[in-house]
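Take a look at the structure below.
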Amino acid sequence: METILNIVVEFFGTPAIVLGLVALVGLIVQGKSGKDVFVGTLKTVLGFLIMIVGIGALITALIPVSDMIFAAYGLEGFFPQDEAVVAAVAPVLGRETALILAFGFLANVLLARITPWKYIYLTGHMLWIHAGVWAITLHVMGLPSLWVVIIGTIAQGLYTTLFPAWAQPIMRKITGGDTIAFGHGQTFLCVIGAYLARFVGKPEQSAEDIKMPSGFDFFRDMSVSMSIIMLLVTIPAVLIAGPAYVEENLSGGQNYIVFALLISMGFTAGVLVLLQGVRMFIADLVPAFKGIADKVVPGAVPALDCPVIYSFAPTSLLIGLITGTIAQIAAIGLVIVIGWPVPLPNMIGAFFASGSGAIFGNATGGVKGAILGGFLWCFLGWLLGAWAYDVQLFGDLASLGAVNIGFLVPDGIVIAGILRLIGLPFGFTP
């Protein structure tokens, strides 16, 4: 049994395999030739792996920046890292997480088949994270293992079906159609930001149409503008952290200024690789997915990871990076005043989460909406994470093995809060 559960976790936790299998099945049921099946499947997997290489380069650049910010400003608190929490509690709740993961995916397919909401959630690591969120929440409510799996499966199935449907009207504005949906744990704050953006700006005043003076038109080149922005973030951090800290702890002896220059440009290189991978795997996955949509879930739309929207609004993505960084600083200041535990700043969140929030905001509110959406995500996201850690929404995580780390995923935090409220009248919430 343990071996089967491990296989389930490995399968659903490896998005390249899931997406490759989706492409394979989709092309086969369309009656494509052996050559087309092979090429389409291979290019889907390769495109996704190229995207992962880009993400890896981004994280490699962003982690030292976060470390420098910690050192520069003397911050202490917990590290917001969803994957780390689920991995840390696996010795206690790995079995329940795996079963929710598997049965929840089947529930998503069933709901997509019988309801008007034809979305199949294919973001593997988010499926795993949310399965862990439900397992932890229901466990600390005092439910027995069987009911943890049953209720967790229902929560997973409903979440992975309904949240992409909720985001789809905005996704249509972003992508211009219904070929892909949004499948990520940041949906709640992205959609809230998009709705609020309507009150501050106009979609026709898009950030993507910003005109630069002729002497500054090089800023329209994303690789140039992103490098400059990262330099503006990184250089002050290394100067305040100091050469001794950077060279002894981060750069391996490399000059601290040179290190800052290289990680800034390495970040930009990662973004360019990521976008190339997205274009490649989407180009092959979407036509292949049509086979599954026609045969298994007619009209189905794949709900995919947040980078699939980046190429539609690269300027908004940059706005999100800037406003998300500012928002984290503001939120941390407020958290310190309130007296909640401090979620340490995280440049990964500023890019991936606030970047998406800005793109959603731009779709409904233009430039002003992008600014609001990007700022709102990290500001509210950090407050949500701090509140959840302070009230022990997920119980005493340290006792489950997750020491000094906490959840930041807003969809999981909001739904976990609802589950805890539902459990109150039945005595299942300690």
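Starting from 1 in every chain, residues are counted up; chains themselves are A, B, ... following the order of the structure tokens, and ligands are numbered from 1 as listed.
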Practice problem: Using DSSP on the backbone coordinates, identify all residues within region 181-317 of chain A classified as helix (DSSP H, G or I); present the result as number ranges by chain. | Solution: A: 187-197, 207-209, 214-220, 222-241, 243-249, 256-295, 306-312, 314-317
I'd like the contact shell of region 20-31 of chain A - 8 Å cut-off, only C-alpha atoms, skipping same-chain residues fewer than 3 positions apart - returned as a PDB file with N, CA and C atoms, in the first residue's frame.
ATOM      1  N   ALA A  16       5.459  17.401 -15.384  1.00  0.00           N
ATOM      2  CA  ALA A  16       5.898  17.048 -16.734  1.00  0.00           C
ATOM      3  C   ALA A  16       5.309  15.702 -17.159  1.00  0.00           C
ATOM      4  N   ILE A  17       5.233  14.759 -16.227  1.00  0.00           N
ATOM      5  CA  ILE A  17       4.654  13.448 -16.535  1.00  0.00           C
ATOM      6  C   ILE A  17       3.158  13.569 -16.765  1.00  0.00           C
ATOM      7  N   ASP A  36       3.224  11.777 -35.077  1.00  0.00           N
ATOM      8  CA  ASP A  36       2.639  12.977 -34.483  1.00  0.00           C
ATOM      9  C   ASP A  36       2.439  12.817 -32.978  1.00  0.00           C
ATOM     10  N   VAL A  37       2.046  11.610 -32.560  1.00  0.00           N
ATOM     11  CA  VAL A  37       1.865  11.346 -31.134  1.00  0.00           C
ATOM     12  C   VAL A  37       3.193  11.501 -30.405  1.00  0.00           C
ATOM     13  N   PHE A  38       4.237  10.918 -30.978  1.00  0.00           N
ATOM     14  CA  PHE A  38       5.559  10.979 -30.358  1.00  0.00           C
ATOM     15  C   PHE A  38       6.066  12.411 -30.285  1.00  0.00           C
ATOM     16  N   GLY A  40       4.391  15.322 -30.587  1.00  0.00           N
ATOM     17  CA  GLY A  40       3.558  16.187 -29.767  1.00  0.00           C
ATOM     18  C   GLY A  40       3.765  15.962 -28.277  1.00  0.00           C
ATOM     19  N   THR A  41       3.877  14.690 -27.895  1.00  0.00           N
ATOM     20  CA  THR A  41       4.105  14.362 -26.477  1.00  0.00           C
ATOM     21  C   THR A  41       5.474  14.847 -26.031  1.00  0.00           C
ATOM     22  N   LEU A  42       6.484  14.571 -26.859  1.00  0.00           N
ATOM     23  CA  LEU A  42       7.850  14.962 -26.512  1.00  0.00           C
ATOM     24  C   LEU A  42       7.986  16.469 -26.374  1.00  0.00           C
ATOM     25  N   THR A  44       5.661  18.641 -25.716  1.00  0.00           N
ATOM     26  CA  THR A  44       4.933  19.105 -24.534  1.00  0.00           C
ATOM     27  C   THR A  44       5.799  18.957 -23.294  1.00  0.00           C
ATOM     28  N   VAL A  45       6.411  17.768 -23.136  1.00  0.00           N
ATOM     29  CA  VAL A  45       7.258  17.517 -21.967  1.00  0.00           C
ATOM     30  C   VAL A  45       8.484  18.412 -21.988  1.00  0.00           C
ATOM     31  N   ASP A 284       1.788  22.787 -28.030  1.00  0.00           N
ATOM     32  CA  ASP A 284       1.510  21.374 -28.296  1.00  0.00           C
ATOM     33  C   ASP A 284       0.458  20.788 -27.367  1.00  0.00           C
ATOM     34  N   LEU A 285       0.383  21.291 -26.126  1.00  0.00           N
ATOM     35  CA  LEU A 285      -0.562  20.719 -25.178  1.00  0.00           C
ATOM     36  C   LEU A 285      -2.003  21.047 -25.542  1.00  0.00           C
ATOM     37  N   ALA A 288      -3.452  18.965 -28.305  1.00  0.00           N
ATOM     38  CA  ALA A 288      -3.541  17.579 -27.849  1.00  0.00           C
ATOM     39  C   ALA A 288      -4.670  17.407 -26.849  1.00  0.00           C
ATOM     40  N   PHE A 289      -4.868  18.404 -25.989  1.00  0.00           N
ATOM     41  CA  PHE A 289      -5.909  18.330 -24.966  1.00  0.00           C
ATOM     42  C   PHE A 289      -7.299  18.269 -25.586  1.00  0.00           C
ATOM     43  N   LYS A 290      -7.414  18.744 -26.815  1.00  0.00           N
ATOM     44  CA  LYS A 290      -8.705  18.725 -27.499  1.00  0.00           C
ATOM     45  C   LYS A 290      -9.239  17.298 -27.616  1.00  0.00           C
ATOM     46  N   GLY A 291      -8.330  16.325 -27.742  1.00  0.00           N
ATOM     47  CA  GLY A 291      -8.773  14.930 -27.842  1.00  0.00           C
ATOM     48  C   GLY A 291      -9.491  14.477 -26.588  1.00  0.00           C
ATOM     49  N   ILE A 292      -8.947  14.848 -25.421  1.00  0.00           N
ATOM     50  CA  ILE A 292      -9.590  14.497 -24.153  1.00  0.00           C
ATOM     51  C   ILE A 292     -10.899  15.266 -24.012  1.00  0.00           C
ATOM     52  N   LYS A 295     -13.565  13.508 -26.120  1.00  0.00           N
ATOM     53  CA  LYS A 295     -13.935  12.135 -25.782  1.00  0.00           C
ATOM     54  C   LYS A 295     -14.358  11.949 -24.320  1.00  0.00           C
TER      55      LYS A 295
END
Quiz item: Rounded to one decimal in Å, what is the spacing between CA of Gly193 (chain A) and CA of Gly369 (chain A)?
Solution: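 Pair CA of Gly193 (chain A) / CA of Gly369 (chain A) returns 7.9 Å.
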Counting only C-alpha atoms, which residues of region 148-238 of chain A sit at most 9 Å from some atom of region 374-380 of chain A, and what is each one's closest atom pair with its distance in Å to one decimal, listed by chain and rising residue number, as a Markdown table?
| residue | atom | partner | partner_atom | distance |
| --- | --- | --- | --- | --- |
| A:Gln186 | CA | A:Trp377 | CA | 8.4 |
| A:Leu189 | CA | A:Trp377 | CA | 5.7 |
| A:Cys190 | CA | A:Trp377 | CA | 6.8 |
| A:Ile192 | CA | A:Leu376 | CA | 8.9 |
| A:Gly193 | CA | A:Leu376 | CA | 6.5 |
Exercise. Find the residues around Ala207 (chain A) up to 9 Å (only C-alpha atoms counted), leave out those fewer than 3 positions away in its own chain, and share them as number ranges by chain.
Key: A: 203, 210, 313, 315-316, 319, 362, 366-370
Selection to disk with N, CA and C atoms, as a short mmCIF file (atom, residue, chain, number, x, y, z; two decimals), in the first residue's frame:
data_model
loop_
_atom_site.label_atom_id
_atom_site.label_comp_id
_atom_site.auth_asym_id
_atom_site.auth_seq_id
_atom_site.Cartn_x
_atom_site.Cartn_y
_atom_site.Cartn_z
N PRO A 203 -9.73 49.33 -18.57
CA PRO A 203 -8.95 48.30 -19.26
C PRO A 203 -8.34 48.77 -20.58
N ILE A 210 1.78 51.25 -22.85
CA ILE A 210 2.52 52.41 -22.35
C ILE A 210 3.54 52.86 -23.40
N ALA A 313 1.17 39.70 -21.02
CA ALA A 313 1.25 41.04 -20.42
C ALA A 313 2.59 41.23 -19.70
N THR A 315 4.67 43.75 -19.47
CA THR A 315 4.84 45.01 -18.74
C THR A 315 4.12 44.95 -17.39
N SER A 316 2.93 44.37 -17.39
CA SER A 316 2.19 44.20 -16.14
C SER A 316 2.95 43.30 -15.18
N ILE A 319 5.40 45.42 -13.47
CA ILE A 319 4.73 46.27 -12.49
C ILE A 319 4.44 45.47 -11.23
N ASN A 362 -4.57 44.45 -14.61
CA ASN A 362 -4.46 45.17 -15.88
C ASN A 362 -5.61 44.82 -16.82
N GLY A 366 -6.52 48.37 -16.45
CA GLY A 366 -5.40 49.01 -17.11
C GLY A 366 -4.20 49.22 -16.20
N VAL A 367 -3.45 50.29 -16.44
CA VAL A 367 -2.21 50.56 -15.69
C VAL A 367 -2.50 50.66 -14.19
N LYS A 368 -3.51 51.44 -13.83
CA LYS A 368 -3.83 51.61 -12.41
C LYS A 368 -4.27 50.27 -11.80
N GLY A 369 -4.99 49.49 -12.58
CA GLY A 369 -5.41 48.18 -12.11
C GLY A 369 -4.23 47.25 -11.89
N ALA A 370 -3.23 47.32 -12.77
CA ALA A 370 -2.03 46.50 -12.61
C ALA A 370 -1.28 46.87 -11.33
#
Exercise. Write out as a list in words which residues come within 7 Å of region 411-426 of chain A when counting only C-alpha atoms, dropping same-chain ones fewer than 4 positions away.
Key: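 The neighbour list is His130, Val133, Trp134, Thr137, Gly185, Gln186, Thr187, Phe188 and Leu393 of chain A.
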Quiz prompt | Nearest to His184 (chain A), chosen from A:Ser206, A:Ser356, A:Asn108, A:Ser251, with only C-alpha atoms counted in the distances | solution = A:Ser356
